[in-house]
Amino acid sequence: MKNFSKISGLGIISALVFTSSAYSQELTLESLQAENAFVFNTLLFLIGGFLVMFMAAGFAMLEAGLVRSKNVSMQCLKNISLYSVAGIMYWCLGYSLMYTQVNGGYLGTFLPYSWPDAGVVNEGEYSVGSDWFFQMVFCATTASIVSGTLAERIKFWPFLIFTAILTGILYPIAGSWKWGAGWLDTMNFQDFAGSTLVHSVGGWAALTGAIILGARKGRYGPGGQVTPMPGSNIPLATLGTFILWLGWFGFNGGSQLALSGNVNASDISRIFINTNLAAAGGVVAVIILLQLVYKRIDVTMALNGALAGLVSITAEPLTPSPLAAIIIGAIGGAIVVFAVPALDKLKIDDVVGAIPVHLLAGIWGTMAVPITNSGASYAMQSVGVVAYAAFTIIASGIIWYVMKATIGIRVSDEEEYLGLDKSEIGVEAYPEFASGRV
Amino acid sequence: MKNFSKISGLGIISALVFTSSAYSQELTLESLQAENAFVFNTLLFLIGGFLVMFMAAGFAMLEAGLVRSKNVSMQCLKNISLYSVAGIMYWCLGYSLMYTQVNGGYLGTFLPYSWPDAGVVNEGEYSVGSDWFFQMVFCATTASIVSGTLAERIKFWPFLIFTAILTGILYPIAGSWKWGAGWLDTMNFQDFAGSTLVHSVGGWAALTGAIILGARKGRYGPGGQVTPMPGSNIPLATLGTFILWLGWFGFNGGSQLALSGNVNASDISRIFINTNLAAAGGVVAVIILLQLVYKRIDVTMALNGALAGLVSITAEPLTPSPLAAIIIGAIGGAIVVFAVPALDKLKIDDVVGAIPVHLLAGIWGTMAVPITNSGASYAMQSVGVVAYAAFTIIASGIIWYVMKATIGIRVSDEEEYLGLDKSEIGVEAYPEFASGRV
Amino acid sequence: MKNFSKISGLGIISALVFTSSAYSQELTLESLQAENAFVFNTLLFLIGGFLVMFMAAGFAMLEAGLVRSKNVSMQCLKNISLYSVAGIMYWCLGYSLMYTQVNGGYLGTFLPYSWPDAGVVNEGEYSVGSDWFFQMVFCATTASIVSGTLAERIKFWPFLIFTAILTGILYPIAGSWKWGAGWLDTMNFQDFAGSTLVHSVGGWAALTGAIILGARKGRYGPGGQVTPMPGSNIPLATLGTFILWLGWFGFNGGSQLALSGNVNASDISRIFINTNLAAAGGVVAVIILLQLVYKRIDVTMALNGALAGLVSITAEPLTPSPLAAIIIGAIGGAIVVFAVPALDKLKIDDVVGAIPVHLLAGIWGTMAVPITNSGASYAMQSVGVVAYAAFTIIASGIIWYVMKATIGIRVSDEEEYLGLDKSEIGVEAYPEFASGRV
């Protein structure tokens with residue numbers, strides 16, 4: 001055999017695991033079906049997981065493209081660091097807080113994730129390891145949302161401490177309420193893939209941080225004027241958006257949680273279509289609205305329109321018809337067009353537009369679930385939205401304030417003027433191009 | 001259970017669908033085999049589909065890298081907009097025009113795509129939704145081809161109107177002739193994954209547009225000299241090429257249309273190998289030819305060599321031997337080397353080289369099918385090539401001319417000089433770097 | 001049916017293959033299980049393969065981001081060319097040298113890869129074509145490692161000749177010792193996915209080349225001072241790192257070599273988790289160490305920390321616990337922090353840091369296998385590490401020296417000063433931005 005050696009090298013381990021498992025059982029139709037289901041479902045988590053993992057690159061590129069060149073290296077560093085910290089925190093705390101023994105309650109246990117016994121690993125409807133991986137990348141996504149809003153003025157280490165707490169404690173506790181079979185699940189709050197659990201939680205944390213941190217120097221003038229601070233690299237932001245769009249097929253499709261059997265496979269196909277059409281609806285709504293209202297089509301708005309469409313459909317990508325998906329996404333896009341200037345009026349400085357995209361479109365998507373899913377109610381969706389808002393604002397507000405009062409969360413004015421690349425990390429993003437003109 | 005809640009949340013919907021389907025049937029060897037086949041085939045469409053979807057990002061990066069910096073934001077906007085419009089048009093018109101009740105004829109019905117009944121959704125050999133998704137991304141690819149050629153001088157909205165007609169009507173009608181079991185299929189024209197149906201159709205539309213639109217100002221001097229207008233960002237163009245190469249495994253591999261059973265799995269593996277080797281052959285042919293002829297290796301030619309190799313093998317990626325695949329791709333690459341200067345002699349201004357890559361290599365690949373596939377004939381391949389040429393040139397020519405005579409398709413000279421980023425969308429791609437030197 | 005035509009078009013071929021195969025056999029539980037296993041295992045190779053293929057883009061972006069702008073186009077050209085050459089060489093020589101009739105010995109046969117008979121293609125535990133594809137992308141990875149270290153001063157064609165020999169002869173011979181069931185496999189050397197076979201081999205070849213080629217002009221002053229030559233595009237390097245991280249799930253996960261059955265699916269899930277946590281450990285170790293030692297966090301170090309963590313876990317991604325994976329990766333990251341300045345002390349000019357990342361972390365990962373895998377021994381791991389070192393240093397050293405003495409491997413001082421883009425290929429990477437300041 002070609003790979004005789006590679007396979008034989010594994011033989012020892014596999015044999016050990018194998019003999020300790022229950023698969024010495026007789027081969028029957030039922031056992032074969034169960035085996036296929038296990039592999040299919042695990043494969044869904046792994047494929048969905050690597051697609052969502054790649055969203056970390058999408059956020060990194062989106063943000064690197066939308067900040068000014070003097071802060072690009074720092075934004076890259078923050079993104080690779082937050083993804084790393086999220087993975088480690090979700091191992092040492094998050095997963096067990098979110099899913100273990102939480103049924104009916106508010107949080108799980110404080111235990112690092114470790115491999116279950118071989119029997120448990122290899123039985124059931126999917127590999128628990130694949131589920132861990134899939135849930136971990138969702139947790140990391142929540143943290144990615146925060147980094148864009150707070151770019152260009154937050155200090156590196158306080159940002160990373162917040163990320164650690166968010167991914168290790170806040171997101172898992174909040175997530176357990178619904179996906180850990182906690183109280184909101186008991187009350188039938190519906191959020192298929194996380195318009196609220198992931199995107200609004202990230203959005204509330206970002207909004208709270210933006211208010212406490214304050215706007216970038218020079219962003220808002222005394223007379224209410226807004227100084228544009230255009231992104232330094234539009235094609236990178238475009239690439240980031242496309243990567244996020246790609247990743248979203250894993251995000252929403254994988255949240256079906258099973259691939260085995262005709263019904264699951266068909267449902268995932270439907271989710272792919274609706275996810276794609278909602279994003280398309282977001283883009284088309286934005287470009288038409290911008291043309292009508294402003295006579296110019298800001299490309300960064302169009303990119304955020306795609307993302308807002310995606311966030312909007314995330315709470316319920318399965319039950320809408322294609323037309324409904326387009327409309328849900330289009331309304332998400334419209335929210336971006338009107339919310340971006342509104343935030344500027346409020347002097348809330350959201351560098352990449354994450355608050356309209358993830359928070360507002362996330363709320364919209366969550367409230368839109370009952371339109372197409374008769375199993376959901378507006379009342380319970382509202383309870384969920386408010387509960388996540390209250391928890392995230394209070395918890396993240398406390399963390400931001402404590403850090404502000406102790407170690408400080410904002411760089412000095414001079415450092416901000418120089419740019420974080422020079423002042424904090426000593427590596428310019430584009431040492432041969434950047435004129436520092438803006 | 002870990003995801004008890006997420007699963008239970010879906011339980012209601014799944015149960016409804018499930019009970020209305022035929023799967024209350026007894027589990028037998030045959031039913032289990034059919035169920036596995038359904039999931040495998042659907043999975044192929046979904047994986048192939050997301051890979052081809054990502055080609056939209058590849059085209060965006062390729063084009064953003066090959067236009068001048070003053071038009072980069074616009075090129076990004078066009079690419080995300082065309083992918084969005086293609087999805088919506090393929091929903092509201094394209095799919096049913098291409099595939100419904102078209103057998104033996106020229107076009108299908110004018111109906112938006114909607115979900116079939118649950119029984120239909122969940123039965124058969126694959127999920128129809130997954131097929132829709134896979135076919136939609138092919139349709140979008142056709143539109144992506146056009147945007148590169150016409151870059152830097154076409155107006156945004158006329159381009160988008162053309163895209164809507166191309167993806168909603170032209171491509172589906174043309175596609176139905178072969179893949180919708182229309183007249184060319186009846187006559188045994190062969191095009192496995194679309195050298196002609198996708199790439200030549202896109203290429204003819206681009207060529208027609210390029211002629212009607214005219215060259216960029218200053219591109220061709222009165223004495224026949226050609227002013228180089230070098231791309232602004234070579235690594236982005238390289239990234240785009242690699243993304244397209246990646247996506248092509250989905251494009252050609254997914255066009256096997258089934259993953260179930262040993263034969264399909266083996267065939268797809270063979271397609272992967274041939275696809276990769278043809279691209280490699282394209283690159284190697286280009287770099288050797290450039291070294292011999294010009295003594296310098298233009299990197300954008302090498303990138304286009306990879307793409308030409310990929311287009312060349314797309315009409316028949318299954319039957320060639322590995323060596324034949326390398327040669328087919330190498331000839332595709334050679335076409336690029338000689339066609340790019342030839343087009344400039346004809347004063348046809350193809351900004352990214354899409355006409356040699358998609359049109360000429362697409363024709364070559366289509367005509368090469370009979371070399372390795374005894375089921376194809378040179379006569380019928382020629383009929384197909386000519387039919388698609390005639391239809392696309394006439395139909396797209398009419399559209400371009402009508403728009404030119406009414407709303408206009410070209411920006412003013414001053415806007416072209418300023419760049420579309422400033423004149424049409426108001427967002428510079430690289431506000432801190434661009435010197436506007438070129 | 002929707003795709004009646006596309007399917008029927010294939011019908012002829014498939015039917016031919018089908019009838020010549022053994023699948024006219026009766027459908028039984030055992031045959032159905034075998035069929036599913038064949039498809040699952042083939043699918044693993046195809047998915048793993050396209051993920052590893054995309055690593056070629058990751059290396060291209062990492063290197064394009066870390067060289068100076070005057071050499072970026074050349075680095076793009078080298079990367080797409082080496083990936084192409086690797087594919088062709090692995091077809092015409094590599095695969096059969098590595099895997100055919102090598103059992104117990106040192107190398108296989110000198111035959112181009114061709115399709116086995118239909119019976120062989122469609123039987124067994126996976127498609128041999130899918131295995132070829134998967135092994136080919138590993139081979140290409142080895143070559144990618146070399147290109148970064150030698151950037152900015154090596155000539156194009158000598159580099160490509162070296163690549164051809166490395167991918168067609170050296171890597172396959174070395175690989176056959178273990179994965180081709182050769183002498184190191186007989187002696188029970190363990191390397192799950194290639195910390196030594198891929199990464200150290202590439203690293204030794206790079207190190208040998210770097211010493212023979214010499215440092216970039218002006219890099220090392222007479223008094224021992226090191227002139228920084230910062231990378232020109234940090235977000236591209238970040239993107240490259242994320243792409244490599246993504247690809248590594250295919251690299252390590254696919255090296256399980258089988259997806260069928262609960263045990264394989266669970267093992268792959270465990271590999272995904274460990275792969276991700278090792279990379280995360282690498283990043284976190286680097287940022288903490290840099291903060292403590294230098295008070296500044298060089299973002300390129302953090303990127304290389306992720307890669308070093310990934311290389312470290314590659315020799316054994318299955319047996320470590322999550323905590324062990326984090327620690328193994330963290331030590332890999334620490335190696336980068338201390339090895340980068342050490343190499344500069346030795347005046348070995350490694351442009352992108354590939355020697356610490358791939359060679360040193362590769363050795364570390366290989367030696368760490370016995371910590372968690374009781375089937376491995378430190379003695380045999382050392383034998384393997386030394387054997388690969390000796391073979392690669394001697395063989396690649398001879399090639400570099402022969403080329404240096406004949407065709408020359410280094411550009412002239414003037415060409416180096418101008419940059420390879422202008423002097424060798426005539427295409428600037430960023431014609432509108434680059435000031436040539438650095």
# chains A, B, ... in the order shown; residues from 1 in each chain; ligands from 1
call {"tool": "residues_around", "arguments": {"residues": "region 388-396 of chain A", "least_positions_apart": "3", "cutoff": "7 Å", "atoms": "only C-alpha atoms", "output": "PyMOL selection string"}}
result
chain A and resi 174+201+204-205+208+384-385+399-400
call {"tool": "atom_distance", "arguments": {"atom1": "CA of Ser423 (chain A)", "atom2": "CA of Gly223 (chain C)"}}
result
28.4 Å
call {"tool": "residues_around", "arguments": {"residues": "region 190-196 of chain B", "least_positions_apart": "2", "cutoff": "9 Å", "atoms": "only C-alpha atoms", "output": "VMD selection string"}}
result
(chain B and resid 138 178 to 179 184 to 185 188 198 to 202 251 to 256 311 to 318 358 to 359 361 to 366 369 to 370 375 to 377 380 to 381 384 to 385 388) or (chain C and resid 6 9 to 10)
call {"tool": "write_last_selection", "arguments": {"atoms": "C-alpha atoms", "output": "mmCIF file, in the first residue's frame"}}
result
data_model
loop_
_atom_site.group_PDB
_atom_site.id
_atom_site.type_symbol
_atom_site.label_atom_id
_atom_site.label_comp_id
_atom_site.auth_asym_id
_atom_site.auth_seq_id
_atom_site.Cartn_x
_atom_site.Cartn_y
_atom_site.Cartn_z
ATOM 1 C CA PHE B 138 -21.184 29.211 -11.823
ATOM 2 C CA LYS B 178 -26.312 21.972 -22.913
ATOM 3 C CA TRP B 179 -26.753 21.600 -19.143
ATOM 4 C CA LEU B 184 -26.738 21.114 -27.961
ATOM 5 C CA ASP B 185 -26.975 18.340 -25.446
ATOM 6 C CA ASN B 188 -23.847 15.573 -28.027
ATOM 7 C CA VAL B 198 -19.054 29.697 -18.540
ATOM 8 C CA HIS B 199 -15.684 30.956 -19.702
ATOM 9 C CA SER B 200 -16.280 31.587 -23.376
ATOM 10 C CA VAL B 201 -19.684 33.096 -22.721
ATOM 11 C CA GLY B 202 -18.121 35.466 -20.218
ATOM 12 C CA PHE B 251 -15.549 24.139 -10.187
ATOM 13 C CA ASN B 252 -14.299 21.029 -11.986
ATOM 14 C CA GLY B 253 -14.530 18.503 -9.163
ATOM 15 C CA GLY B 254 -18.065 19.485 -8.259
ATOM 16 C CA SER B 255 -19.106 19.181 -11.905
ATOM 17 C CA GLN B 256 -18.833 15.424 -11.517
ATOM 18 C CA VAL B 311 -9.825 27.189 -18.301
ATOM 19 C CA SER B 312 -8.342 24.825 -20.896
ATOM 20 C CA ILE B 313 -8.893 21.694 -18.823
ATOM 21 C CA THR B 314 -12.390 22.691 -17.744
ATOM 22 C CA ALA B 315 -14.163 21.306 -20.801
ATOM 23 C CA GLU B 316 -12.775 17.841 -20.062
ATOM 24 C CA PRO B 317 -10.918 17.357 -16.793
ATOM 25 C CA LEU B 318 -11.726 13.659 -16.467
ATOM 26 C CA HIS B 358 -11.309 32.814 -20.595
ATOM 27 C CA LEU B 359 -12.329 33.132 -24.224
ATOM 28 C CA ALA B 361 -8.270 29.165 -23.743
ATOM 29 C CA GLY B 362 -11.949 28.259 -23.334
ATOM 30 C CA ILE B 363 -12.287 27.652 -27.059
ATOM 31 C CA TRP B 364 -9.039 25.687 -27.079
ATOM 32 C CA GLY B 365 -10.181 23.525 -24.178
ATOM 33 C CA THR B 366 -13.522 22.849 -25.824
ATOM 34 C CA VAL B 369 -12.121 17.427 -25.740
ATOM 35 C CA PRO B 370 -12.193 14.873 -28.587
ATOM 36 C CA GLY B 375 -17.553 10.389 -26.973
ATOM 37 C CA ALA B 376 -16.982 13.873 -28.401
ATOM 38 C CA SER B 377 -16.512 14.977 -32.014
ATOM 39 C CA MET B 380 -20.097 19.039 -32.667
ATOM 40 C CA GLN B 381 -17.584 20.881 -30.502
ATOM 41 C CA GLY B 384 -21.178 24.482 -29.832
ATOM 42 C CA VAL B 385 -18.366 27.005 -29.899
ATOM 43 C CA TYR B 388 -22.277 30.264 -28.056
ATOM 44 C CA LYS C 6 -24.512 17.083 -17.240
ATOM 45 C CA GLY C 9 -22.878 13.487 -20.436
ATOM 46 C CA LEU C 10 -20.833 11.687 -17.870
#
call {"tool": "residues_around", "arguments": {"residues": "region 288-297 of chain B", "least_positions_apart": "3", "cutoff": "7 Å", "atoms": "only C-alpha atoms", "output": "PyMOL selection string"}}
result
(chain B and resi 284-285) or (chain C and resi 424-426)
call {"tool": "select_by_dssp", "arguments": {"residues": "region 18-249 of chain A", "states": "helix (DSSP H, G or I)", "output": "ChimeraX atom specification"}}
result
/A:18-20,29-66,69-99,118-121,128-149,156-178,183-186,195-213,234-249
call {"tool": "closest_residue", "arguments": {"among": "B:Ile326, B:Leu360, B:Leu66, B:Leu197", "to": "Gly148 (chain B)", "atoms": "only C-alpha atoms"}}
result
B:Leu66
call {"tool": "residues_around", "arguments": {"residues": "Glu26 (chain A)", "least_positions_apart": "4", "cutoff": "12 Å", "atoms": "only C-alpha atoms", "output": "ChimeraX atom specification"}}
result
/A:22,30-32 /C:29-30
call {"tool": "decode", "arguments": {"residues": "region 337-360 of chain C", "atoms": "N, CA and C atoms", "output": "PDB file, in the first residue's frame"}}
result
ATOM      1  N   VAL C 337      11.604  33.221  19.207  1.00  0.00           N
ATOM      2  CA  VAL C 337      12.061  34.456  19.856  1.00  0.00           C
ATOM      3  C   VAL C 337      13.572  34.456  20.063  1.00  0.00           C
ATOM      4  N   PHE C 338      14.110  33.315  20.423  1.00  0.00           N
ATOM      5  CA  PHE C 338      15.538  33.287  20.719  1.00  0.00           C
ATOM      6  C   PHE C 338      16.396  32.932  19.502  1.00  0.00           C
ATOM      7  N   ALA C 339      15.818  32.223  18.535  1.00  0.00           N
ATOM      8  CA  ALA C 339      16.630  31.789  17.390  1.00  0.00           C
ATOM      9  C   ALA C 339      16.806  32.886  16.350  1.00  0.00           C
ATOM     10  N   VAL C 340      15.823  33.767  16.204  1.00  0.00           N
ATOM     11  CA  VAL C 340      15.945  34.807  15.181  1.00  0.00           C
ATOM     12  C   VAL C 340      17.179  35.678  15.432  1.00  0.00           C
ATOM     13  N   PRO C 341      17.360  36.229  16.644  1.00  0.00           N
ATOM     14  CA  PRO C 341      18.597  37.001  16.856  1.00  0.00           C
ATOM     15  C   PRO C 341      19.859  36.130  16.810  1.00  0.00           C
ATOM     16  N   ALA C 342      19.738  34.863  17.205  1.00  0.00           N
ATOM     17  CA  ALA C 342      20.921  33.989  17.174  1.00  0.00           C
ATOM     18  C   ALA C 342      21.401  33.783  15.742  1.00  0.00           C
ATOM     19  N   LEU C 343      20.456  33.588  14.829  1.00  0.00           N
ATOM     20  CA  LEU C 343      20.847  33.430  13.426  1.00  0.00           C
ATOM     21  C   LEU C 343      21.539  34.681  12.904  1.00  0.00           C
ATOM     22  N   ASP C 344      21.037  35.839  13.339  1.00  0.00           N
ATOM     23  CA  ASP C 344      21.679  37.079  12.906  1.00  0.00           C
ATOM     24  C   ASP C 344      23.104  37.170  13.446  1.00  0.00           C
ATOM     25  N   LYS C 345      23.293  36.688  14.669  1.00  0.00           N
ATOM     26  CA  LYS C 345      24.667  36.666  15.216  1.00  0.00           C
ATOM     27  C   LYS C 345      25.576  35.824  14.333  1.00  0.00           C
ATOM     28  N   LEU C 346      25.030  34.736  13.812  1.00  0.00           N
ATOM     29  CA  LEU C 346      25.804  33.847  12.944  1.00  0.00           C
ATOM     30  C   LEU C 346      25.872  34.369  11.510  1.00  0.00           C
ATOM     31  N   LYS C 347      25.255  35.521  11.281  1.00  0.00           N
ATOM     32  CA  LYS C 347      25.208  36.139   9.942  1.00  0.00           C
ATOM     33  C   LYS C 347      24.570  35.230   8.900  1.00  0.00           C
ATOM     34  N   ILE C 348      23.624  34.436   9.360  1.00  0.00           N
ATOM     35  CA  ILE C 348      22.825  33.637   8.430  1.00  0.00           C
ATOM     36  C   ILE C 348      21.549  34.425   8.164  1.00  0.00           C
ATOM     37  N   ASP C 349      21.363  34.834   6.919  1.00  0.00           N
ATOM     38  CA  ASP C 349      20.300  35.784   6.578  1.00  0.00           C
ATOM     39  C   ASP C 349      19.064  35.033   6.084  1.00  0.00           C
ATOM     40  N   ASP C 350      18.115  34.905   6.979  1.00  0.00           N
ATOM     41  CA  ASP C 350      16.888  34.151   6.705  1.00  0.00           C
ATOM     42  C   ASP C 350      15.756  35.172   6.613  1.00  0.00           C
ATOM     43  N   VAL C 351      15.382  35.554   5.396  1.00  0.00           N
ATOM     44  CA  VAL C 351      14.547  36.740   5.190  1.00  0.00           C
ATOM     45  C   VAL C 351      13.216  36.662   5.942  1.00  0.00           C
ATOM     46  N   VAL C 352      12.595  35.517   5.952  1.00  0.00           N
ATOM     47  CA  VAL C 352      11.258  35.416   6.555  1.00  0.00           C
ATOM     48  C   VAL C 352      11.229  34.643   7.874  1.00  0.00           C
ATOM     49  N   GLY C 353      12.371  34.173   8.333  1.00  0.00           N
ATOM     50  CA  GLY C 353      12.379  33.404   9.579  1.00  0.00           C
ATOM     51  C   GLY C 353      12.000  31.945   9.401  1.00  0.00           C
ATOM     52  N   ALA C 354      12.216  31.411   8.210  1.00  0.00           N
ATOM     53  CA  ALA C 354      11.789  30.030   7.952  1.00  0.00           C
ATOM     54  C   ALA C 354      12.637  29.007   8.687  1.00  0.00           C
ATOM     55  N   ILE C 355      13.891  29.347   8.983  1.00  0.00           N
ATOM     56  CA  ILE C 355      14.766  28.369   9.651  1.00  0.00           C
ATOM     57  C   ILE C 355      14.323  28.131  11.091  1.00  0.00           C
ATOM     58  N   PRO C 356      14.109  29.178  11.888  1.00  0.00           N
ATOM     59  CA  PRO C 356      13.555  28.915  13.220  1.00  0.00           C
ATOM     60  C   PRO C 356      12.199  28.204  13.151  1.00  0.00           C
ATOM     61  N   VAL C 357      11.338  28.668  12.262  1.00  0.00           N
ATOM     62  CA  VAL C 357       9.968  28.155  12.238  1.00  0.00           C
ATOM     63  C   VAL C 357       9.919  26.706  11.765  1.00  0.00           C
ATOM     64  N   HIS C 358      10.541  26.429  10.627  1.00  0.00           N
ATOM     65  CA  HIS C 358      10.356  25.105  10.036  1.00  0.00           C
ATOM     66  C   HIS C 358      11.435  24.120  10.474  1.00  0.00           C
ATOM     67  N   LEU C 359      12.682  24.590  10.579  1.00  0.00           N
ATOM     68  CA  LEU C 359      13.752  23.655  10.918  1.00  0.00           C
ATOM     69  C   LEU C 359      13.816  23.423  12.429  1.00  0.00           C
ATOM     70  N   LEU C 360      13.973  24.503  13.188  1.00  0.00           N
ATOM     71  CA  LEU C 360      14.190  24.318  14.624  1.00  0.00           C
ATOM     72  C   LEU C 360      12.918  23.828  15.326  1.00  0.00           C
TER      73      LEU C 360
END
